[in-house]
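To start, the structure under review is shown below, and the notes come after it.
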Amino acid sequence: MHETVSANYLWLIPALPLLGVLINLTLGATLGQRAGRGLVSLVAPGMVIAAFGVSVTAFATLLGLPEGTALLDNVYPWISAGSLHLDVAFRVDALSAVMILVVTGVGSLIHIYSVGYMAHEPDLARYFTYLNLFTFSMLVLVLADNLPLLFVGWEGVGLCSYLLIGFWYDKDENASAGKKAFIVNRIGDAGFLLGLFLLFWNLGAGPHTLAFSEIAAHVKQIPLGTVTAIALLMFIGATGKSAQLPLYVWLPDAMAGPTPVSALIHAATMVTAGVYMIARLNFLYVLTPTALAVVAWVGALTALFAATIGLAQNDIKKVLAYSTISQLGYMFLAVGVGAFSAGVFHLMTHAFFKALLFLGAGSVIHGMSGEQDMQKMGGLRRHMPITFGTFFIANLAIAGIPGFAGFFSKDEILLRAFTSENGSPALWLIGAVGAGLTAFYMYRLLFLTFYGECRADKEVAHHIHESPNSMTIPLVVLAALSVVGGWIGMPAHWLWGNQFEHFLAPVFGHGETEHVSAALEYGLMGASVAIALLGIAIAYFFYIVQPGMPMLIAWRAGRLYDLVFNKYYVDELYDAVVVQPIQRTSTWLWRVWDATVIDGLVNGVAETVAANSSLWRRLQTGNVQHYALSFLIGAVVIIGYYVWR
Amino acid sequence: MSLPLFLVFAALLVVSALGVILQRSPVRSAMSLVSTLFLLAAVFVFLDAHLVALLQIIVYAGAIMVLFLFVIMLLNLQSEPRETGRVGFRLVAALAGSFLALEVIQLTRAKGTVAGLGMSGAVPEGFGLTETLGERLFTHYLLPFEITSVLLLVAVIGAVVLAKRHTS
Amino acid sequence: MTATPMIAATPVAWLVLLPVLLLTGTALLVMVTDLWMEGPDRDGLGWLGIVGLAVTAVASVTLWNQGEIGFGGMMAVDRYALFFNLLFCLAAGLTLLMSMSYLELTDIRVGDYYTLILFATVGMMLMAAATDLIVIFLGLEVMSIAVYVLAGIWRRQLRSTEAALKYFLLGAFATGFLLFGIAMLYGATGSTTLNVIASHLAKATGEQRMLATIGMALLLIGFGFKVAAVPFHAWTPDVYEGAPTSITALMAVGVKAAAFAAFTRVFLHGLAGLSGDWSMVLWGLAVLTMTVGNVVAVLQQNIKRMLAYSSIAHAGYLLVGMIANGENGGSAVLFYLLGYALMNLGAFAVVMALGKRGEPNERLDDYAGVGFRHPFLGFAMSIFMLSLAGVPPLVGFAGKFYIFAAAVKAGYVGLAVIGVLNSVVSMYYYVGVLVKMYMTEGSADVPSPTTRPYLFATMLVTVIGVILLGVFPAKAFELARQAFLSLG
Amino acid sequence: MLSLIVFTPLLAGVFVLCMQREQLNAIRRAAFFLSLIPFGLSLGLLRGFNPTDGGMQFVESYAWIPQFNIRYQLGVDGLSLWLVLLTTFLTPLVVLAAWSDVHKRLKEYMFFMLALETGMLGAFVALDLFLFYVFWEVMLVPMYFLIGVWGGARRIYAAIKFVLFTMVGGLLMLVAILYLAMHAQAGQPSFDLLRLYDVNLPLEAQRWLFAAFALAFAIKVPMFPLHTWLPDAHVEAPTGGSVILAGILLKLGTYGFLRFAIPLFPVAAAEATPYIATLAVIGIVYGALVAMVQPDLKKLVAYSSVSHLGFVMLGLFALNPQGVMGGIYQMLNHGLSTGALFLLVGVLYERRHTRLIAEFGGLWKQLPKYAVCFLIVMLSSIGLPGLNGFVGEFLILMGAFKAQPWLAAVATSGVVLGAVYMLWMFQRVMFGPLVNPANAVLPDLSRIERAVLIPLLVMIVLMGVYPAPFLSRMEPAVTAYLARIEKKMAAVDTSSATFANGFPLPLGGGQGEGTMYAAARLGEPHPGPLPEREGDGGAALP
Amino acid sequence: MVPVTYYLVLSALLFAIGAVGVLIRRNVIVIFMSIELMLNAVNLSFVAFARQWHSMDGQVIVFFVMTVAAAEAAVGLAIIISMFRGRETTNVDDLNLLRW
């Protein structure tokens with residue numbers, strides 16, 4: 001992976017959406033409402049599609065090059081201080097090629113979808129400005145040739161996430177959700193930065209560019225303990241960005257944003273940045289089994305934990321959000337057991353089907369005039385056939401039904417969780433149970449939404465309609481991808497095997513596949529499929545056959561149900577343990593420490609002076625004899641000093 | 001001047017001086033001051049300062065004190081009422097004064113002080129006489145002498161400016 | 001005893017006497033002219049005095065390179081004296097100038113006012129030039145008596161008379177101490193001439209030295225009174241407040257400078273041999289003086305009284321220069337006095353300019369809003385206040401810089417620290433004046449300074465001086481240094 | 001050249017002062033165009049600046065007070081160049097901002113603003129301690145007037161507090177300057193900074209002198225716990241005053257450390273580093289926490305300054321290239337972003353005459369352009385990559401991490417807290433429903449307001465995206481600066497100086513043993529020999 | 001011969017008595033007289049030291065001191081009269097317009 005070929009057009013990929021930002025920001029706002037909307041609706045998706053085009057070109061170029069060669073575009077020198085020499089440089093290797101294709105591809109679809117979904121939004125220019133800005137940032141993230149530049153994209157997507165979650169800012173909850181997302185992300189970012197510094201100062205003497213190739217070259221000299229620390233600090237960043245325990249709390253709230261945003265940012269692209277980062281730094285993580293284990297366990301636990309919460313949510317987008325957290329957990333489980341390509345594979349397939357799910361949900365919400373509560377839906381399959389169809393496919397994919405995209409990637413992960421030297425049966429078991437839960441809650445969602453009787457208000461029910469073409473076409477495309485997208489990464493013994501892993505091998509070069517017996521592989525595969533089917537069956541039973549059962553169980557389970565329904569009270573816990581104490585401390589610092597102690601001291605000095613002034617002033621009685629006395633006493637003291645000293 | 005004689009004069013001087021500050025009537029204070037001046041003149045004579053002693057009587061007791069008495073009479077000042085208040089203040093004042101004297105006394109008796117200065121022997125001829133003093137005054141002290149003329153002029157102008165009746 | 005028929009004529013050192021003689025002549029001329037003048041307007045006398053002062057100043061300048069000592073070592077016309085002559089001429093000249101406007105606001109319509117100011121100046125010059133304690137004493141008396149009278153010259157004003165009486169009583173009281181000190185030094189050395197004292201101290205016996213030390217202490221007290229050092233300062237605020245403002249200015253500037261002239265000459269030259277003895281006490285006095293002066297000034301509501309406390313505080317800074325005792329310290333004192341004269345005269349000119357007939361407007365509240373209504377008054381006062389506070393690049397800063405540099409050089413870092421902390425306190429009340437002038441609304445109706453051309457001129461001269469000497473102090477530093485070094 | 005830049009504003013101020021009081025527009029125009037002159041001149045300075053030279057350039061040196069060897073000596077190097085530009089850049093904007101902001105006593109306002117510029121520029125380029133002190137104190141006066149005359153309700157208290165606080169430090173520094181100048185070399189006093197750089201002082205003296213200098217600068221910065229004058233001064237100051245105060249004046253404190261306190265007394269500075277860095281970090285966290293709960297916008301921004309300048313201090317005391325350059329860069333950033341924030345708050349204040357956050361909400365709807373500007377500035381302030389704030393914070397934390405890993409780690413939390421208070425404030429002002437009817441009629445940014453803000457935004461973005469030209473002009477000077485410190489430290493008997501290397505790196509770094517400064521230099525490419533002292537324009541003493 | 005120190009002590013006593021008089025008397029004229037007493041005490045010292053040093057200077061100085069005393073008396077009494085005209089009092093306690 002050390003050879004690079006200069007490709008001085010790569011900067012176009014992020015620059016195109018950036019150009020979109022500038023156009024939207026300036027012209028979109030200044031042109032009239034109609035012209036502006038038209039322009040924006042053209043420019044914003046257009047730029048992303050163009051970027052997709054360039055990405056495809058780059059991908060094609062990369063395919064034509066010898067294996068292991070990367071494209072590099074050194075744009076300009078960025079920061080140079082002492083031994084630090086950072087450039088703005090973009091790199092396309094196998095990993096980032098996959099990423100840019102996903103980002104621009106799914107991004108294009110979602111931009112197109114947005115044109116329809118946001119048709120009635122008065123502030124469309126702003127929306128597309130943000131969305132383009134996001135695309136730009138995400139592309140910088142995945143194209144960055146060095147870690148700090150990656151961090152630029154990393155924070156940039158966080159910003160856009162913040163802005164888009166709070167897009168409908170006149171509701172305070174939305175704004176709060178955006179803020180929460182940003183701040184929780186920042187906590188992770190702080191860890192990331194520290195990891196970065198620790199890495200930098202351990203690279204040894206000499207100028208450093210912090211380019212990935214350079215880090216890879218130097219990383220082996222670093223003592224193991226330090227590597228572990230670096231890896232863990234970076235992972236803190238990843239947990240923030242990719243919504244893992246314990247920093248996942250922002251993602252459910254982030255559903256406050258427009259649904260296409262949830263699809264793009266909070267499902268397909270941004271949240272996977274943490275996985276990407278670890279995959280990018282695979283050469284570092286493989287050195288430290290401790291850190292890998294932490295990554296794997298956090299991933300696995302998050303997968304299970306979020307899945308359980310997903311069981312009891314009624315908001316359609318919330319369910320998807322917890323599902324996303326859960327699925328991201330799988331990706332971390334994958335990279336944590338050293339199966340980087342599996343992780344990235346799942347990243348990609350997840351991008352397809354989860355984007356589809358979100359867009360489908362958006363279509364539903366659109367059709368339901370903004371309703372998000374599944375309790376008030378039902379029977380939509382008749383009114384919204386395309387949406388239903390595509391949604392169904394996505395459900396199959398996420399549940400891991402063989403043949404669909406999700407099956408291949410998830411299966412790969414579970415297999416490796418079991419077999420990898422970093423893996424263990426326990427991890428597999430957690431993953432498998434999580435898969436079952438996933439199947440259950442996804443089908444619960446499907447049944448509640450599309451089957452049964454419509455439970456909506458008359459007014460709403462009357463208006464239920466299928467979405468316009470600009471929305472359904474992306475659904476169809478994504479549905480197709482949700483099926484075929486997984487085929488490039490077949491299990492080792494099937495058809496052409498895992499082409500995906502092969503393609504990524506130059507990046508994850510060391511991770512040569514351990515050969516496992518076919519029996520074990522099929523056994524595990526069968527078990528997980530069975531668990532998934534079981535989940536679907538239970539869902540079917542509960543929500544189609546016996547619709548009263550869930551209520552009963554919820555009532556029976558009592559406390560437990562409350563716990564799950566209230567998301568384990570984690571938000572409340574954080575509020576009590578972190579937020580409130582900080583607020584109280586701050587108020588105390590301000591009111592008591594600053595105003596009373598410090599200023600008290602300052603004003604105390606002033607008051608002492610004033611008091612003395614007053615005192616001495618009183619001694620100035622106006623009586624000459626008092627003056628003479630002070631004079632005489634002064635004289636006596638001075639003379640006395642000389643006489644008796 | 002023999003010691004007993006000195007002590008007698010010293011005692012008289014102190015008593016007389018105390019009279020200045022303890023008499024309640026301004027006139028009596030003034031008279032005590034006059035007597036103090038006379039006593040001092042006598043001491044000056046013992047110290048071979050004949051002309052100065054004379055001037056002390058003529059100028060000081062004669063002219064200056066008459067001026068004082070004149071003003072006292074002019075303003076028709078009565079005796080001060082018996083002091084009742086500010087005991088503390090007077091006590092502190094007296095204490096401070098005593099300390100001042102004490103310090104000088106201490107100065108003349110303790111170690112390393114001026115106790116050993118003693119007194120020189122017989123004075124040269126003409127010491128303290130008008131001629132000697134005059135010669136010194138008009139030669140070495142010519143400048144100060146001239147300054148006193150300015151000083152007196154200033155005093156005269158000042159006194160006139162302040163004491164003359166308002167015109168406007 | 002054979003009588004000598006004639007006393008041998010003493011050669012009169014005319015050159016030594018020249019400045020004093022010129023000024024005395026002017027004073028006499030003014031006095032006589034007054035008798036011939038009719039009507040209440042006496043501005044002519046003021047101009048006459050100014051001309052006389054100018055002539056004296058010119059004479060002093062021409063004598064700069066002469067350096068002579070006369071009258072049996074009693075008086076010198078060294079650069080030290082000439083420097084102060086110029087300073088006194090400046091102070092007195094500006095006082096006369098201001099007075100011509102100020103007297104219109106009062107009912108002081110006596111020509112003797114001018115005569116007395118000139119005689120006071122004669123006294124000051126004598127003090128600065130004197131190299132004999134008796135001459136210093138007499139000069140001091142000439143000056144003091146004139147100033148006693150001047151302080152009380154506004155007889156309609158009870159405050160003026162009260163100020164005069166207070167000043168007189170305490171002044172005479174202090175004179176007693178000063179004189180006692182001279183007596184003891186005389187007892188210790190047999191002479192009152194500084195050179196003799198200095199040379200005698202070098203070979204004095206223990207007893208004589210002890211006596212001299214006490215004499216020195218008494219002199220310290222006496223001078224301490226005149227320069228308004230704490231605890232001998234108590235007269236200052238009352239007298240400054242009560243006296244006519246023009247006289248307050250003269251007191252704050254001229255009297256103080258004269259006292260320091262003599263103080264410095266006696267202590268840094270005549271009593272240099274005792275510096276080990278006096279520096280400690282002076283240290284304490286300096287600290288007390290700075291601190292009390294500044295701290296008490298903080299709460300003052302009357303501008304003259306505030307300036308009085310400020311003048312006490314500045315005496316403290318000047319004492320620091322004396323303690324530093326050396327080429328730097330002494331020169332610093334001289335320079336500081338010059339700068340102090342300029343800024344204080346200017347400040348008092350502003351105080352006068354704000355007054356109206358029967359309405360002195362001396363309370364700080366009377367300054368409310370003046371800054372914007374009378375930009376020049378405000379500007380000038382700001383410059384003076386900031387300079388007094390020691391803000392660069394004004395002369396007050398240059399002076400403080402010089403003094404503290406000397407102190408630090410001489411190893412008195414602690415003193416310098418106390419001094420600068422005091423400056424911070426002083427900033428509060430100086431800036432308080434600016435607060436009133438610029439940051440509070442007020443209604444005081446004040447005539448424009450341009451209608452009082454003499455005050456305006458005074459302010460202009462002093463503002464320019466304060467800024468110029470602040471930005472380019474090098475020449476004046478050099479002058480002060482030469483002057484101080486002429487002490488030998 | 002430098003003299004021209006320094007004194008043009010003062011002359012312009014005097015010119016404005018001489019204009020007719022009633023001609024408001026003429027005064028505004030004159031002040032604005034005249035204030036562009038120094039900016040233009042300083043652009044010329046930038047052009048003529050040799051980016052590879054780490055020494056002083058454009059040196060002017062004349063004898064001033066020969067008795068003390070005080071010289072009128074000016075010069076810029078990479079440490080001060082950008083600060084000069086920042087000053088000349090911000091002043092016209094502030095003058096422009098006064099267009100609608102200041103109505104009463106306009107010409108005096110302009111005069112003080114321009115006079116202030118002279119003071120600040122002078123302090124940045126002075127190479128003589130006396131001269132520096134003069135400028136340092138001179139600045140107080142116009143600033144005092146700006147706060148006291150054009151300020152808010154408690155302006156007098158704030159103005160006096162500002163002056164007294166600053167003076168305490170300044171005057172103690174004066175004593176230290178005197179001591180240094182008088183004792184630095186036998187016989188002749190010397191105030192020449194470049195000469196004093198080469199003086200090796202005994203450790204004890206260094207400690208005291210450093211303490212005095214540090215106190216003066218720490219008050220100005222302001223560092224915790226000497227910061228309480230700042231919120232008061234900011235809240236009461238008029239918008240322009242706040243901008244200059246935050247944008248430039250505070251930089252004099254940090255610049256003072258950089259130019260004087262550290263290089264003159266490096267051993268003492270090294271000893272003090274753990275304490276100062278700790279205070280800086282406390283300041284970062286403290287400022288952020290307290291900012292969080294402020295009900296008043298200006299106060300919030302003021303406390304955010306405490307936090308940001310904590311970063312600067314942390315960087316400067318890292319004593320390695322990253323930290324120092326980051327610190328300088330952060331000074332510029334803070335000047336731009338906090339200046340812009342104050343301008344933005346001023347826009348609101350001018351419209352609503354209140355700065356209470358609770359009075360606002362949902363403003364985005366009403367003032368979209370304003371909101372976008374605010375957003376960008378806020379993001380710059382919280383150090384978002386791609387904007388200027390990031391570059392500074394990144395370098396600072398990186399440098400600090402080398403020197404004081406644990407402190408740097410705590411400081412990094414400031415990055416989080418910074419986001420918290422800013423976003424929360426932004427949310428309460430911009431987001432949510434527009435409930436207060438008084439806000440529903442507010443006009444969006446006027447042309448002049450846009451003209452003021454856009455240059456700032458351009459610089460914010462430019463410095464974030466392309467910092468290289470800025471950094472490259474600093475680097476030689478920083479390298480020389482660190483080399484000088486190292487040399488001086490080596491000259492002092494190391495056995496007597498206990499170097500505080502912060503806390504040792506616990507994670508077994510591959511390098512970084514030894515003293516901090518030495519480590520900081522490890523592997524740094526030396527740009528040739530140290531700059532010679534010839535470049536200072538005949539500064540030889542007579 | 002009586003040592004000069006005895007005169008010095010006597011002088012100091014008189015001086016101190018005068019000083020105390022200044023402090024405790026209320027009538028300004030008496031206060032003034034007390035000051036005169038102090039000056040006389042100093043004169044005694046001068047004369048004694050003149051005798052000690054066999055130098056006429058001390059006596060000449062006394063001559064000057066007397067002149068000064070006379071001048072002060074003239075001016076001082078004039079001030080007192082001036083004040084009496086305004087206030088009809090010679091009590092120092094009434095000098096209270098100026099304070100604080």
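By convention in this document, the chains of the structure tokens carry letters A, B, ... by their order, each chain's residues are numbered from 1, and ligands are numbered from 1 in the order they are shown.
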Give me, as a tab-separated table, each residue of chain B that comes within 7 Å of chain A, together with its shortest interatomic pair and the distance in Å at one decimal, counting only C-alpha atoms, with rows ordered by chain and rising residue number.
residue	atom	partner	partner_atom	distance
B:Ala93	CA	A:Leu629	CA	6.4
B:Ala96	CA	A:Ile633	CA	6.1
B:Phe99	CA	A:Val636	CA	6.7
B:Leu100	CA	A:Val636	CA	5.6
B:Glu103	CA	A:Gly640	CA	6.3
B:Leu107	CA	A:Val643	CA	6.2
Please identify every residue of chain C that has at least one atom no more than 8 Å from any atom of chain D, counting only C-alpha atoms, and report them as number ranges by chain.
C: 391-393, 404-405, 408-409, 413, 416-417, 420-421, 424-425, 427-428, 431, 435, 438-439, 472-474, 477-478
Written selection (N, CA, C and O atoms) as a JSON list (two decimals), in the first residue's frame:
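Output file part.json follows:
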[["chain", "number", "residue", "atom", "x", "y", "z"],
["C", 391, "VAL", "N", 0.81, 58.43, 34.66],
["C", 391, "VAL", "CA", 0.55, 57.68, 33.42],
["C", 391, "VAL", "C", 1.49, 58.19, 32.34],
["C", 391, "VAL", "O", 1.57, 59.39, 32.12],
["C", 392, "PRO", "N", 2.21, 57.32, 31.69],
["C", 392, "PRO", "CA", 3.06, 57.79, 30.61],
["C", 392, "PRO", "C", 2.20, 58.23, 29.43],
["C", 392, "PRO", "O", 1.06, 57.79, 29.32],
["C", 393, "PRO", "N", 2.70, 59.05, 28.57],
["C", 393, "PRO", "CA", 4.05, 59.61, 28.55],
["C", 393, "PRO", "C", 4.05, 61.02, 29.11],
["C", 393, "PRO", "O", 4.53, 61.93, 28.45],
["C", 404, "PHE", "N", 11.90, 56.09, 40.96],
["C", 404, "PHE", "CA", 11.91, 54.67, 41.30],
["C", 404, "PHE", "C", 13.13, 53.97, 40.70],
["C", 404, "PHE", "O", 13.65, 53.01, 41.27],
["C", 405, "ALA", "N", 13.55, 54.46, 39.55],
["C", 405, "ALA", "CA", 14.78, 53.89, 38.99],
["C", 405, "ALA", "C", 15.93, 54.10, 39.96],
["C", 405, "ALA", "O", 16.73, 53.18, 40.22],
["C", 408, "VAL", "N", 15.47, 51.77, 42.91],
["C", 408, "VAL", "CA", 15.81, 50.38, 42.60],
["C", 408, "VAL", "C", 17.32, 50.22, 42.45],
["C", 408, "VAL", "O", 17.92, 49.27, 42.93],
["C", 409, "LYS", "N", 17.90, 51.20, 41.80],
["C", 409, "LYS", "CA", 19.34, 51.16, 41.61],
["C", 409, "LYS", "C", 20.05, 51.13, 42.97],
["C", 409, "LYS", "O", 21.04, 50.42, 43.16],
["C", 413, "VAL", "N", 14.22, 48.21, 46.57],
["C", 413, "VAL", "CA", 13.16, 47.66, 45.73],
["C", 413, "VAL", "C", 11.84, 47.67, 46.48],
["C", 413, "VAL", "O", 10.79, 47.98, 45.92],
["C", 416, "ALA", "N", 10.25, 50.91, 46.27],
["C", 416, "ALA", "CA", 9.68, 51.14, 44.94],
["C", 416, "ALA", "C", 8.36, 50.40, 44.80],
["C", 416, "ALA", "O", 7.40, 50.93, 44.24],
["C", 417, "VAL", "N", 8.30, 49.21, 45.33],
["C", 417, "VAL", "CA", 7.06, 48.44, 45.23],
["C", 417, "VAL", "C", 5.95, 49.15, 45.99],
["C", 417, "VAL", "O", 4.83, 49.32, 45.49],
["C", 420, "VAL", "N", 4.83, 52.10, 43.96],
["C", 420, "VAL", "CA", 3.95, 51.87, 42.80],
["C", 420, "VAL", "C", 2.58, 51.41, 43.24],
["C", 420, "VAL", "O", 1.57, 51.75, 42.63],
["C", 421, "LEU", "N", 2.53, 50.65, 44.32],
["C", 421, "LEU", "CA", 1.20, 50.25, 44.79],
["C", 421, "LEU", "C", 0.41, 51.49, 45.21],
["C", 421, "LEU", "O", -0.79, 51.59, 44.99],
["C", 424, "VAL", "N", -1.20, 53.07, 42.39],
["C", 424, "VAL", "CA", -2.47, 52.47, 42.00],
["C", 424, "VAL", "C", -3.61, 53.10, 42.78],
["C", 424, "VAL", "O", -4.65, 53.47, 42.23],
["C", 425, "VAL", "N", -3.38, 53.24, 44.09],
["C", 425, "VAL", "CA", -4.42, 53.88, 44.91],
["C", 425, "VAL", "C", -4.67, 55.29, 44.38],
["C", 425, "VAL", "O", -5.82, 55.73, 44.23],
["C", 427, "MET", "N", -4.31, 56.41, 41.50],
["C", 427, "MET", "CA", -5.04, 56.37, 40.23],
["C", 427, "MET", "C", -6.53, 56.48, 40.49],
["C", 427, "MET", "O", -7.26, 57.11, 39.73],
["C", 428, "TYR", "N", -6.96, 55.86, 41.56],
["C", 428, "TYR", "CA", -8.39, 55.83, 41.82],
["C", 428, "TYR", "C", -8.96, 57.24, 41.95],
["C", 428, "TYR", "O", -9.97, 57.57, 41.34],
["C", 431, "VAL", "N", -8.40, 59.51, 38.73],
["C", 431, "VAL", "CA", -9.33, 59.11, 37.70],
["C", 431, "VAL", "C", -10.75, 59.46, 38.12],
["C", 431, "VAL", "O", -11.62, 59.69, 37.28],
["C", 435, "VAL", "N", -13.83, 60.74, 35.98],
["C", 435, "VAL", "CA", -15.17, 60.15, 36.03],
["C", 435, "VAL", "C", -16.20, 61.25, 36.15],
["C", 435, "VAL", "O", -17.19, 61.28, 35.42],
["C", 438, "TYR", "N", -16.27, 63.43, 32.79],
["C", 438, "TYR", "CA", -16.69, 62.85, 31.52],
["C", 438, "TYR", "C", -17.82, 61.85, 31.63],
["C", 438, "TYR", "O", -18.48, 61.55, 30.66],
["C", 439, "MET", "N", -17.99, 61.30, 32.80],
["C", 439, "MET", "CA", -18.90, 60.16, 32.84],
["C", 439, "MET", "C", -20.13, 60.42, 33.69],
["C", 439, "MET", "O", -20.93, 59.53, 33.90],
["C", 472, "PHE", "N", 9.81, 63.94, 26.07],
["C", 472, "PHE", "CA", 11.25, 64.15, 25.87],
["C", 472, "PHE", "C", 11.90, 64.64, 27.17],
["C", 472, "PHE", "O", 12.25, 65.81, 27.29],
["C", 473, "PRO", "N", 12.04, 63.75, 28.11],
["C", 473, "PRO", "CA", 12.57, 64.21, 29.39],
["C", 473, "PRO", "C", 14.10, 64.30, 29.42],
["C", 473, "PRO", "O", 14.65, 64.78, 30.41],
["C", 474, "ALA", "N", 14.75, 63.86, 28.36],
["C", 474, "ALA", "CA", 16.19, 63.69, 28.45],
["C", 474, "ALA", "C", 16.91, 64.99, 28.82],
["C", 474, "ALA", "O", 17.76, 65.02, 29.70],
["C", 477, "PHE", "N", 16.25, 65.86, 32.37],
["C", 477, "PHE", "CA", 17.02, 64.94, 33.21],
["C", 477, "PHE", "C", 18.45, 65.44, 33.35],
["C", 477, "PHE", "O", 19.04, 65.48, 34.43],
["C", 478, "GLU", "N", 18.99, 65.82, 32.20],
["C", 478, "GLU", "CA", 20.39, 66.24, 32.18],
["C", 478, "GLU", "C", 20.56, 67.50, 33.02],
["C", 478, "GLU", "O", 21.52, 67.63, 33.79]]
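Checking E:Val2, E:Leu13, E:Glu88, E:Arg99 one by one against chain C, counting only C-alpha atoms, you find the shortest gap at E:Arg99.
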Could the residues of chain C within 7 Å of chain A, counting only C-alpha atoms, be given as a ChimeraX atom specification, please?
/C:166,170,214,217,221,231-232,234-235,295-296,298-299
Identify, on the basis of only C-alpha atoms, every residue whose closest approach to E:Leu10 does not exceed 10 Å; exclude the query and any residue fewer than 5 positions from it along the same chain; express the result as a ChimeraX atom specification.
/B:6-7,9-11,13-14,101,104-105 /E:4-5,15-16,41,44-45
Selection file, C-alpha atoms, as a compact mmCIF listing (two decimals), in the first residue's frame:
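The resulting file, out-v8.txt, is shown below:
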# COMPACT_ATOMS: atom_id res chain seq x y z
CA PHE B 6 22.46 77.47 87.89
CA LEU B 7 20.07 75.14 89.60
CA PHE B 9 17.90 79.81 88.02
CA ALA B 10 16.89 76.66 86.28
CA ALA B 11 14.21 75.97 88.86
CA LEU B 13 12.89 79.29 84.84
CA VAL B 14 10.93 76.09 84.86
CA ALA B 101 12.41 66.45 77.55
CA VAL B 104 17.17 65.10 75.67
CA ILE B 105 17.96 64.25 79.27
CA VAL E 4 26.93 72.57 78.59
CA THR E 5 24.71 69.55 78.85
CA PHE E 15 11.16 73.71 74.97
CA ALA E 16 8.98 70.84 76.09
CA ALA E 41 14.57 77.72 74.92
CA LEU E 44 19.45 79.29 75.51
CA SER E 45 21.01 76.38 73.68
If we count only C-alpha atoms, which residues of chain A reach to within 8 Å of chain D? Please list them as a ChimeraX atom specification.
/A:77-84,151-153,155-156,169-172,175-176,179,182-183,186-187,190,193-194,197-198,201-207,221-223,225-226,229,582-583,585-587,589-590,594,598-599
Polymer residues at most 7 Å from stretch 21-38 of chain E, only C-alpha atoms, same-chain spacing of 2 or more positions, as a ChimeraX atom specification:
/A:625,628-629 /B:21,26,29,90,93 /C:169,172-173,176 /E:14-15,17-19,40-42,90-93
What parts of stretch 478-589 of chain A does DSSP call helix (DSSP H, G or I)? I'd like the answer as a count of residues only.
84
Can you pull out every residue within 9 Å of C:Asn344, counting only C-alpha atoms, but drop anything in the same chain fewer than 2 positions away, and send it as a list in words?
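The neighbour list is Ala249, Ala252, Val253, Leu307, Ser311, Gly339, Tyr340, Ala341, Leu342, Gly346, Ala347, Phe348, Ala349, Phe384, Met385, Leu388 and Thr462 of chain C.
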For stretch 143-146 of chain A, work out the shell of residues within 6 Å, counting only C-alpha atoms and skipping chain neighbours fewer than 5 positions away, then give it as a list in words.
Ala89, Phe90, Arg91, Leu210, Ala211 and Phe212 of chain A
